[in-house]
>>> print(open('query.cif').read())   # mmCIF, C-alpha atoms
data_target
loop_
_atom_site.label_atom_id
_atom_site.label_comp_id
_atom_site.auth_asym_id
_atom_site.auth_seq_id
_atom_site.Cartn_x
_atom_site.Cartn_y
_atom_site.Cartn_z
CA MET A 24 -2.42 27.48 -9.51
CA ASP A 25 0.68 27.59 -7.39
CA SER A 26 3.91 25.69 -6.87
CA THR A 27 2.32 23.18 -4.46
CA LEU A 28 0.99 21.23 -7.44
CA PRO A 29 3.50 18.53 -8.39
CA ASP A 30 5.25 19.09 -11.74
CA VAL A 31 3.91 22.62 -12.21
CA THR A 32 6.38 25.11 -13.63
CA PHE A 33 6.09 28.77 -14.49
CA ASP A 34 7.60 30.73 -17.35
CA GLU A 35 9.24 34.16 -17.10
CA ASN A 36 5.77 35.77 -17.13
CA GLY A 37 4.47 33.61 -14.28
CA ILE A 38 2.25 31.51 -16.56
CA SER A 39 2.08 27.81 -15.71
CA ASN A 40 2.91 24.89 -17.95
CA ILE A 41 -0.64 23.66 -17.33
CA TYR A 42 -2.05 26.78 -18.96
CA TRP A 43 0.29 26.34 -21.94
CA ASP A 44 -0.64 22.67 -22.23
CA PHE A 45 -4.29 23.67 -22.48
CA GLU A 46 -3.57 26.45 -24.99
CA ASN A 47 -1.36 24.27 -27.19
CA HIS A 48 -3.03 20.86 -27.01
CA VAL A 49 -6.62 21.14 -25.82
CA LYS A 50 -7.92 24.46 -27.11
CA PRO A 51 -7.02 23.83 -30.80
CA ASN A 52 -9.25 20.73 -30.70
CA TRP A 53 -12.04 22.08 -28.49
CA PHE A 54 -15.11 23.58 -30.12
CA PRO A 55 -17.81 24.50 -27.56
CA ASP A 56 -19.83 26.31 -30.20
CA GLU A 57 -21.86 25.71 -33.36
CA ALA A 58 -18.80 24.33 -35.17
CA GLY A 59 -18.47 21.70 -32.44
CA LYS A 60 -22.14 20.85 -32.62
CA LYS A 61 -21.98 20.46 -36.40
CA TYR A 62 -18.97 18.18 -36.02
CA LEU A 63 -20.81 16.04 -33.45
CA GLU A 64 -23.83 15.87 -35.76
CA SER A 65 -21.64 14.56 -38.58
CA VAL A 66 -20.04 11.95 -36.32
CA ALA A 67 -23.42 10.86 -34.95
CA PHE A 68 -24.80 10.58 -38.51
CA LYS A 69 -21.84 8.38 -39.50
CA ILE A 70 -22.29 6.17 -36.43
CA LYS A 71 -26.04 5.78 -37.05
CA LYS A 72 -25.57 5.04 -40.74
CA GLN A 73 -22.98 2.33 -40.11
CA ASN A 74 -25.08 0.66 -37.42
CA LYS A 75 -28.65 1.01 -38.71
CA ASN A 76 -29.23 -2.77 -38.71
CA LYS A 77 -27.75 -3.39 -35.27
CA ASP A 78 -29.31 -3.22 -31.82
CA PHE A 79 -26.89 -0.49 -30.72
CA ASP A 80 -25.01 2.30 -32.48
CA CYS A 81 -22.31 2.56 -29.86
CA ILE A 82 -21.37 1.85 -26.28
CA LEU A 83 -21.26 4.56 -23.67
CA GLY A 84 -19.61 4.19 -20.26
CA LEU A 85 -21.85 5.72 -17.59
CA SER A 86 -20.51 6.48 -14.12
CA GLY A 87 -23.56 8.39 -12.94
CA GLY A 88 -21.52 11.57 -12.63
CA VAL A 89 -22.16 14.82 -14.45
CA ASP A 90 -19.86 14.25 -17.45
CA SER A 91 -21.04 10.82 -18.55
CA SER A 92 -24.67 11.57 -17.67
CA TYR A 93 -24.63 14.71 -19.80
CA MET A 94 -22.96 12.81 -22.65
CA LEU A 95 -25.60 10.09 -22.53
CA HIS A 96 -28.53 12.52 -22.48
CA THR A 97 -27.06 14.62 -25.30
CA MET A 98 -26.20 11.70 -27.55
CA VAL A 99 -29.68 10.19 -27.20
CA LYS A 100 -31.88 13.30 -27.14
CA GLU A 101 -29.99 15.67 -29.44
CA PHE A 102 -28.25 13.27 -31.81
CA GLY A 103 -30.58 10.26 -31.81
CA LEU A 104 -27.99 7.60 -31.01
CA ARG A 105 -28.93 4.22 -29.56
CA PRO A 106 -26.12 3.45 -27.13
CA LEU A 107 -25.63 0.33 -25.11
CA VAL A 108 -25.11 1.85 -21.68
CA PHE A 109 -22.33 0.24 -19.73
CA HIS A 110 -21.44 0.75 -16.07
CA VAL A 111 -18.50 -0.63 -14.15
CA ASP A 112 -19.06 -0.99 -10.43
CA GLY A 113 -15.65 -0.72 -8.80
CA GLY A 114 -17.06 -0.62 -5.28
CA TRP A 115 -17.09 3.16 -4.96
CA ASN A 116 -20.55 3.96 -6.31
CA SER A 117 -22.30 6.71 -4.42
CA GLU A 118 -26.03 6.53 -3.81
CA MET A 119 -26.43 9.62 -6.01
CA ALA A 120 -24.54 8.02 -8.91
CA VAL A 121 -26.63 4.84 -8.71
CA ASN A 122 -29.80 6.95 -8.61
CA ASN A 123 -28.65 9.03 -11.62
CA ILE A 124 -27.88 5.89 -13.63
CA SER A 125 -31.26 4.36 -12.85
CA LYS A 126 -33.18 7.52 -13.74
CA LEU A 127 -31.31 8.12 -16.99
CA VAL A 128 -31.63 4.57 -18.23
CA ASP A 129 -35.33 4.41 -17.35
CA LYS A 130 -36.30 7.82 -18.76
CA LEU A 131 -34.30 7.31 -21.97
CA ASN A 132 -35.58 3.71 -22.30
CA LEU A 133 -32.11 2.21 -22.70
CA ASP A 134 -30.44 -1.09 -21.91
CA LEU A 135 -27.91 -1.09 -19.07
CA PHE A 136 -25.14 -3.61 -18.59
CA THR A 137 -23.13 -3.55 -15.38
CA GLU A 138 -19.82 -5.25 -14.69
CA VAL A 139 -18.90 -5.63 -11.03
CA ILE A 140 -15.18 -5.65 -10.33
CA ASN A 141 -13.94 -7.93 -7.56
CA TRP A 142 -13.94 -5.54 -4.62
CA ASN A 143 -11.27 -7.35 -2.59
CA GLU A 144 -8.82 -7.34 -5.50
CA MET A 145 -9.50 -3.69 -6.34
CA ARG A 146 -9.18 -2.66 -2.70
CA ASP A 147 -5.82 -4.44 -2.37
CA PHE A 148 -4.57 -2.93 -5.61
CA GLN A 149 -5.61 0.59 -4.67
CA LEU A 150 -4.17 0.21 -1.17
CA ALA A 151 -0.82 -0.79 -2.70
CA TRP A 152 -0.87 2.33 -4.87
CA PHE A 153 -1.83 4.48 -1.90
CA LYS A 154 0.99 3.07 0.25
CA SER A 155 3.52 3.54 -2.55
CA GLY A 156 3.00 7.30 -2.43
CA VAL A 157 2.50 7.72 -6.18
CA PRO A 158 0.04 10.36 -7.38
CA HIS A 159 -3.27 9.54 -9.02
CA ILE A 160 -4.28 6.62 -6.81
CA ASP A 161 -7.43 6.15 -8.88
CA ILE A 162 -5.42 4.86 -11.86
CA PRO A 163 -5.97 1.14 -11.05
CA GLN A 164 -9.73 1.65 -11.07
CA ASP A 165 -9.61 3.82 -14.20
CA HIS A 166 -7.56 1.20 -16.05
CA ALA A 167 -9.93 -1.56 -14.99
CA PHE A 168 -12.90 0.48 -16.19
CA GLY A 169 -11.31 1.09 -19.58
CA ALA A 170 -10.26 -2.52 -20.02
CA VAL A 171 -13.69 -3.88 -19.14
CA LEU A 172 -15.37 -1.40 -21.49
CA TYR A 173 -13.10 -2.33 -24.41
CA ASN A 174 -13.55 -6.05 -23.74
CA PHE A 175 -17.33 -5.64 -23.65
CA SER A 176 -17.42 -3.63 -26.88
CA ASP A 177 -15.24 -6.26 -28.56
CA LYS A 178 -17.40 -9.12 -27.26
CA TYR A 179 -20.56 -7.51 -28.69
CA ASN A 180 -18.88 -6.18 -31.84
CA ILE A 181 -19.59 -2.54 -31.04
CA LYS A 182 -17.20 -0.33 -32.99
CA TYR A 183 -17.84 3.06 -31.40
CA ILE A 184 -17.14 3.92 -27.77
CA LEU A 185 -18.37 7.30 -26.52
CA ASN A 186 -16.65 8.82 -23.54
CA GLY A 187 -17.49 12.02 -21.71
CA GLY A 188 -14.96 13.93 -19.67
CA ASN A 189 -14.19 17.23 -18.08
CA ILE A 190 -11.32 19.19 -19.57
#
>>> encode(input="query.cif", output="structure tokens")
Amino acid sequence: MDSTLPDVTFDENGISNIYWDFENHVKPNWFPDEAGKKYLESVAFKIKKQNKNKDFDCILGLSGGVDSSYMLHTMVKEFGLRPLVFHVDGGWNSEMAVNNISKLVDKLNLDLFTEVINWNEMRDFQLAWFKSGVPHIDIPQDHAFGAVLYNFSDKYNIKYILNGGNI
């Protein structure tokens, strides 16, 4: 980490604010051990119990990338959840992501719903962000993905949304 990253600062010991943000906000709530697994088991049990008479326990957004693919596999195979798998096609799907989605859904015997975002509108929106010079030009797509996922879960009365990410 160096000073070329926007908004990075360093304390008197040369330690970045990003490190301190992780130490103070992420690490206290991150349990990559047996305690974390036990917590996930208790959450999965609660989700299954509340949804035992429904077609799906939860909804899980699947991009086809490592994080969401791992989350889907783990929730189904290790915790026995029955997610409705939801994918938003924003026009940037790679062949590998599409292949991963297809394989996971088939091998886990799950239902997949895909929402296709209007490519021309998304392209224009992202181009405007790019030309403005603001950081994080993927925000328009990320916001669209989240909004579509929440709308879909509301439409089908699915209370739990599972989301995988990389800290």
>>> closest_residue(input="query.cif", among="A:Asp78, A:Glu35, A:Glu101, A:Asp30", to="Leu63 (chain A)", atoms="only C-alpha atoms")
A:Glu101
>>> resolve_selection(input="query.cif", expression="the PyMOL selection byres ((chain A and resi 166-171) around 10)", output="compact mmCIF listing (two decimals) with C-alpha atoms, in the frame of the given file")
# COMPACT_ATOMS: atom_id res chain seq x y z
CA GLY A 84 -19.61 4.19 -20.26
CA SER A 86 -20.51 6.48 -14.12
CA PHE A 109 -22.33 0.24 -19.73
CA HIS A 110 -21.44 0.75 -16.07
CA VAL A 111 -18.50 -0.63 -14.15
CA ASP A 112 -19.06 -0.99 -10.43
CA GLY A 113 -15.65 -0.72 -8.80
CA GLU A 138 -19.82 -5.25 -14.69
CA VAL A 139 -18.90 -5.63 -11.03
CA ILE A 140 -15.18 -5.65 -10.33
CA MET A 145 -9.50 -3.69 -6.34
CA ASP A 161 -7.43 6.15 -8.88
CA ILE A 162 -5.42 4.86 -11.86
CA PRO A 163 -5.97 1.14 -11.05
CA GLN A 164 -9.73 1.65 -11.07
CA ASP A 165 -9.61 3.82 -14.20
CA LEU A 172 -15.37 -1.40 -21.49
CA TYR A 173 -13.10 -2.33 -24.41
CA ASN A 174 -13.55 -6.05 -23.74
CA PHE A 175 -17.33 -5.64 -23.65
CA SER A 176 -17.42 -3.63 -26.88
CA ASP A 177 -15.24 -6.26 -28.56
>>> atom_distance(input="query.cif", atom1="CA of Trp142 (chain A)", atom2="CA of Ser91 (chain A)")
22.6 Å
>>> residues_around(input="query.cif", residues="Arg105 (chain A)", least_positions_apart="5", cutoff="9 Å", atoms="all atoms listed in the file", output="PyMOL selection string")
chain A and resi 71+78-82+98-99+133
>>> atom_distance(input="query.cif", atom1="CA of Leu95 (chain A)", atom2="CA of Leu83 (chain A)")
7.1 Å
>>> atom_distance(input="query.cif", atom1="CA of Ile160 (chain A)", atom2="CA of Glu118 (chain A)")
22.0 Å
>>> resolve_selection(input="query.cif", expression="the PyMOL selection byres ((chain A and resi 66) around 12)", output="ChimeraX atom specification")
/A:59-65,67-73,80-81,98,102-104,183,185
>>> axis_aligned_box(input="query.cif", around="region 90-103 of chain A", padding_each_side="6 Å", output="JSON")
{"center_x": -25.9, "center_y": 12.9, "center_z": -24.6, "size_x": 24.0, "size_y": 17.6, "size_z": 26.4}
>>> decode(input="query.cif", residues="region 27-42 of chain A", atoms="all heavy atoms", output="PDB file, in the first residue's frame")
ATOM      1  N   THR A  27      -0.183   6.306  -3.598  1.00  0.00           N
ATOM      2  CA  THR A  27      -0.861   6.476  -4.881  1.00  0.00           C
ATOM      3  C   THR A  27      -2.331   6.083  -4.800  1.00  0.00           C
ATOM      4  O   THR A  27      -3.113   6.431  -5.680  1.00  0.00           O
ATOM      5  CB  THR A  27      -0.184   5.638  -5.998  1.00  0.00           C
ATOM      6  OG1 THR A  27      -0.245   4.260  -5.648  1.00  0.00           O
ATOM      7  CG2 THR A  27       1.256   6.085  -6.209  1.00  0.00           C
ATOM      8  N   LEU A  28      -2.727   5.381  -3.772  1.00  0.00           N
ATOM      9  CA  LEU A  28      -4.127   5.012  -3.586  1.00  0.00           C
ATOM     10  C   LEU A  28      -4.887   6.227  -3.070  1.00  0.00           C
ATOM     11  O   LEU A  28      -4.500   6.802  -2.044  1.00  0.00           O
ATOM     12  CB  LEU A  28      -4.235   3.846  -2.593  1.00  0.00           C
ATOM     13  CG  LEU A  28      -5.629   3.317  -2.327  1.00  0.00           C
ATOM     14  CD1 LEU A  28      -6.198   2.646  -3.573  1.00  0.00           C
ATOM     15  CD2 LEU A  28      -5.605   2.324  -1.186  1.00  0.00           C
ATOM     16  N   PRO A  29      -5.956   6.624  -3.748  1.00  0.00           N
ATOM     17  CA  PRO A  29      -6.713   7.794  -3.278  1.00  0.00           C
ATOM     18  C   PRO A  29      -7.215   7.588  -1.845  1.00  0.00           C
ATOM     19  O   PRO A  29      -7.631   6.500  -1.469  1.00  0.00           O
ATOM     20  CB  PRO A  29      -7.889   7.872  -4.245  1.00  0.00           C
ATOM     21  CG  PRO A  29      -7.467   7.097  -5.444  1.00  0.00           C
ATOM     22  CD  PRO A  29      -6.519   6.047  -4.953  1.00  0.00           C
ATOM     23  N   ASP A  30      -7.161   8.627  -1.053  1.00  0.00           N
ATOM     24  CA  ASP A  30      -7.686   8.661   0.314  1.00  0.00           C
ATOM     25  C   ASP A  30      -6.907   7.819   1.314  1.00  0.00           C
ATOM     26  O   ASP A  30      -7.365   7.644   2.445  1.00  0.00           O
ATOM     27  CB  ASP A  30      -9.168   8.267   0.359  1.00  0.00           C
ATOM     28  CG  ASP A  30     -10.039   9.192  -0.478  1.00  0.00           C
ATOM     29  OD1 ASP A  30      -9.767  10.410  -0.478  1.00  0.00           O
ATOM     30  OD2 ASP A  30     -10.964   8.692  -1.131  1.00  0.00           O
ATOM     31  N   VAL A  31      -5.757   7.276   0.935  1.00  0.00           N
ATOM     32  CA  VAL A  31      -4.965   6.537   1.906  1.00  0.00           C
ATOM     33  C   VAL A  31      -4.156   7.545   2.731  1.00  0.00           C
ATOM     34  O   VAL A  31      -3.667   8.541   2.216  1.00  0.00           O
ATOM     35  CB  VAL A  31      -4.046   5.480   1.258  1.00  0.00           C
ATOM     36  CG1 VAL A  31      -2.898   6.110   0.492  1.00  0.00           C
ATOM     37  CG2 VAL A  31      -3.508   4.504   2.293  1.00  0.00           C
ATOM     38  N   THR A  32      -4.094   7.266   4.014  1.00  0.00           N
ATOM     39  CA  THR A  32      -3.273   8.075   4.919  1.00  0.00           C
ATOM     40  C   THR A  32      -2.460   7.118   5.774  1.00  0.00           C
ATOM     41  O   THR A  32      -2.780   5.930   5.884  1.00  0.00           O
ATOM     42  CB  THR A  32      -4.132   8.981   5.830  1.00  0.00           C
ATOM     43  OG1 THR A  32      -5.027   8.154   6.584  1.00  0.00           O
ATOM     44  CG2 THR A  32      -4.939   9.989   5.004  1.00  0.00           C
ATOM     45  N   PHE A  33      -1.405   7.661   6.371  1.00  0.00           N
ATOM     46  CA  PHE A  33      -0.532   6.845   7.195  1.00  0.00           C
ATOM     47  C   PHE A  33      -0.331   7.518   8.537  1.00  0.00           C
ATOM     48  O   PHE A  33      -0.214   8.745   8.614  1.00  0.00           O
ATOM     49  CB  PHE A  33       0.829   6.648   6.500  1.00  0.00           C
ATOM     50  CG  PHE A  33       0.702   5.922   5.194  1.00  0.00           C
ATOM     51  CD1 PHE A  33       0.515   6.616   4.006  1.00  0.00           C
ATOM     52  CD2 PHE A  33       0.742   4.539   5.154  1.00  0.00           C
ATOM     53  CE1 PHE A  33       0.383   5.946   2.801  1.00  0.00           C
ATOM     54  CE2 PHE A  33       0.611   3.859   3.956  1.00  0.00           C
ATOM     55  CZ  PHE A  33       0.432   4.560   2.773  1.00  0.00           C
ATOM     56  N   ASP A  34      -0.307   6.717   9.603  1.00  0.00           N
ATOM     57  CA  ASP A  34      -0.075   7.283  10.932  1.00  0.00           C
ATOM     58  C   ASP A  34       1.422   7.473  11.166  1.00  0.00           C
ATOM     59  O   ASP A  34       2.242   7.219  10.275  1.00  0.00           O
ATOM     60  CB  ASP A  34      -0.743   6.432  12.024  1.00  0.00           C
ATOM     61  CG  ASP A  34      -0.150   5.033  12.172  1.00  0.00           C
ATOM     62  OD1 ASP A  34       0.972   4.785  11.671  1.00  0.00           O
ATOM     63  OD2 ASP A  34      -0.796   4.186  12.814  1.00  0.00           O
ATOM     64  N   GLU A  35       1.773   7.885  12.377  1.00  0.00           N
ATOM     65  CA  GLU A  35       3.173   8.170  12.699  1.00  0.00           C
ATOM     66  C   GLU A  35       4.077   6.943  12.601  1.00  0.00           C
ATOM     67  O   GLU A  35       5.298   7.060  12.496  1.00  0.00           O
ATOM     68  CB  GLU A  35       3.290   8.804  14.099  1.00  0.00           C
ATOM     69  CG  GLU A  35       2.843   7.923  15.249  1.00  0.00           C
ATOM     70  CD  GLU A  35       1.325   7.897  15.467  1.00  0.00           C
ATOM     71  OE1 GLU A  35       0.575   8.620  14.784  1.00  0.00           O
ATOM     72  OE2 GLU A  35       0.882   7.117  16.335  1.00  0.00           O
ATOM     73  N   ASN A  36       3.474   5.742  12.604  1.00  0.00           N
ATOM     74  CA  ASN A  36       4.251   4.502  12.466  1.00  0.00           C
ATOM     75  C   ASN A  36       4.256   3.965  11.040  1.00  0.00           C
ATOM     76  O   ASN A  36       4.739   2.856  10.797  1.00  0.00           O
ATOM     77  CB  ASN A  36       3.707   3.442  13.420  1.00  0.00           C
ATOM     78  CG  ASN A  36       3.853   3.850  14.863  1.00  0.00           C
ATOM     79  OD1 ASN A  36       4.920   4.295  15.279  1.00  0.00           O
ATOM     80  ND2 ASN A  36       2.773   3.733  15.621  1.00  0.00           N
ATOM     81  N   GLY A  37       3.671   4.726  10.115  1.00  0.00           N
ATOM     82  CA  GLY A  37       3.633   4.305   8.722  1.00  0.00           C
ATOM     83  C   GLY A  37       2.561   3.288   8.407  1.00  0.00           C
ATOM     84  O   GLY A  37       2.595   2.643   7.367  1.00  0.00           O
ATOM     85  N   ILE A  38       1.583   3.140   9.306  1.00  0.00           N
ATOM     86  CA  ILE A  38       0.504   2.170   9.097  1.00  0.00           C
ATOM     87  C   ILE A  38      -0.694   2.894   8.482  1.00  0.00           C
ATOM     88  O   ILE A  38      -1.101   3.956   8.950  1.00  0.00           O
ATOM     89  CB  ILE A  38       0.115   1.480  10.426  1.00  0.00           C
ATOM     90  CG1 ILE A  38       1.340   0.732  10.985  1.00  0.00           C
ATOM     91  CG2 ILE A  38      -1.055   0.534  10.205  1.00  0.00           C
ATOM     92  CD1 ILE A  38       1.124   0.138  12.347  1.00  0.00           C
ATOM     93  N   SER A  39      -1.254   2.299   7.437  1.00  0.00           N
ATOM     94  CA  SER A  39      -2.314   2.962   6.679  1.00  0.00           C
ATOM     95  C   SER A  39      -3.664   2.924   7.387  1.00  0.00           C
ATOM     96  O   SER A  39      -3.944   2.037   8.196  1.00  0.00           O
ATOM     97  CB  SER A  39      -2.454   2.326   5.299  1.00  0.00           C
ATOM     98  OG  SER A  39      -3.108   1.078   5.391  1.00  0.00           O
ATOM     99  N   ASN A  40      -4.502   3.887   7.007  1.00  0.00           N
ATOM    100  CA  ASN A  40      -5.871   3.924   7.517  1.00  0.00           C
ATOM    101  C   ASN A  40      -6.666   2.705   7.048  1.00  0.00           C
ATOM    102  O   ASN A  40      -7.608   2.273   7.719  1.00  0.00           O
ATOM    103  CB  ASN A  40      -6.578   5.207   7.086  1.00  0.00           C
ATOM    104  CG  ASN A  40      -6.653   5.366   5.577  1.00  0.00           C
ATOM    105  OD1 ASN A  40      -5.644   5.231   4.884  1.00  0.00           O
ATOM    106  ND2 ASN A  40      -7.822   5.672   5.070  1.00  0.00           N
ATOM    107  N   ILE A  41      -6.271   2.114   5.946  1.00  0.00           N
ATOM    108  CA  ILE A  41      -6.958   0.921   5.442  1.00  0.00           C
ATOM    109  C   ILE A  41      -6.701  -0.264   6.378  1.00  0.00           C
ATOM    110  O   ILE A  41      -7.610  -1.034   6.688  1.00  0.00           O
ATOM    111  CB  ILE A  41      -6.531   0.622   3.997  1.00  0.00           C
ATOM    112  CG1 ILE A  41      -7.021   1.771   3.108  1.00  0.00           C
ATOM    113  CG2 ILE A  41      -7.071  -0.709   3.513  1.00  0.00           C
ATOM    114  CD1 ILE A  41      -6.468   1.793   1.729  1.00  0.00           C
ATOM    115  N   TYR A  42      -5.488  -0.386   6.846  1.00  0.00           N
ATOM    116  CA  TYR A  42      -5.165  -1.421   7.829  1.00  0.00           C
ATOM    117  C   TYR A  42      -6.001  -1.217   9.088  1.00  0.00           C
ATOM    118  O   TYR A  42      -6.609  -2.162   9.604  1.00  0.00           O
ATOM    119  CB  TYR A  42      -3.670  -1.384   8.179  1.00  0.00           C
ATOM    120  CG  TYR A  42      -3.331  -2.266   9.366  1.00  0.00           C
ATOM    121  CD1 TYR A  42      -3.115  -3.615   9.193  1.00  0.00           C
ATOM    122  CD2 TYR A  42      -3.255  -1.723  10.654  1.00  0.00           C
ATOM    123  CE1 TYR A  42      -2.814  -4.429  10.278  1.00  0.00           C
ATOM    124  CE2 TYR A  42      -2.956  -2.533  11.738  1.00  0.00           C
ATOM    125  CZ  TYR A  42      -2.736  -3.878  11.550  1.00  0.00           C
ATOM    126  OH  TYR A  42      -2.451  -4.678  12.634  1.00  0.00           O
TER     127      TYR A  42
END
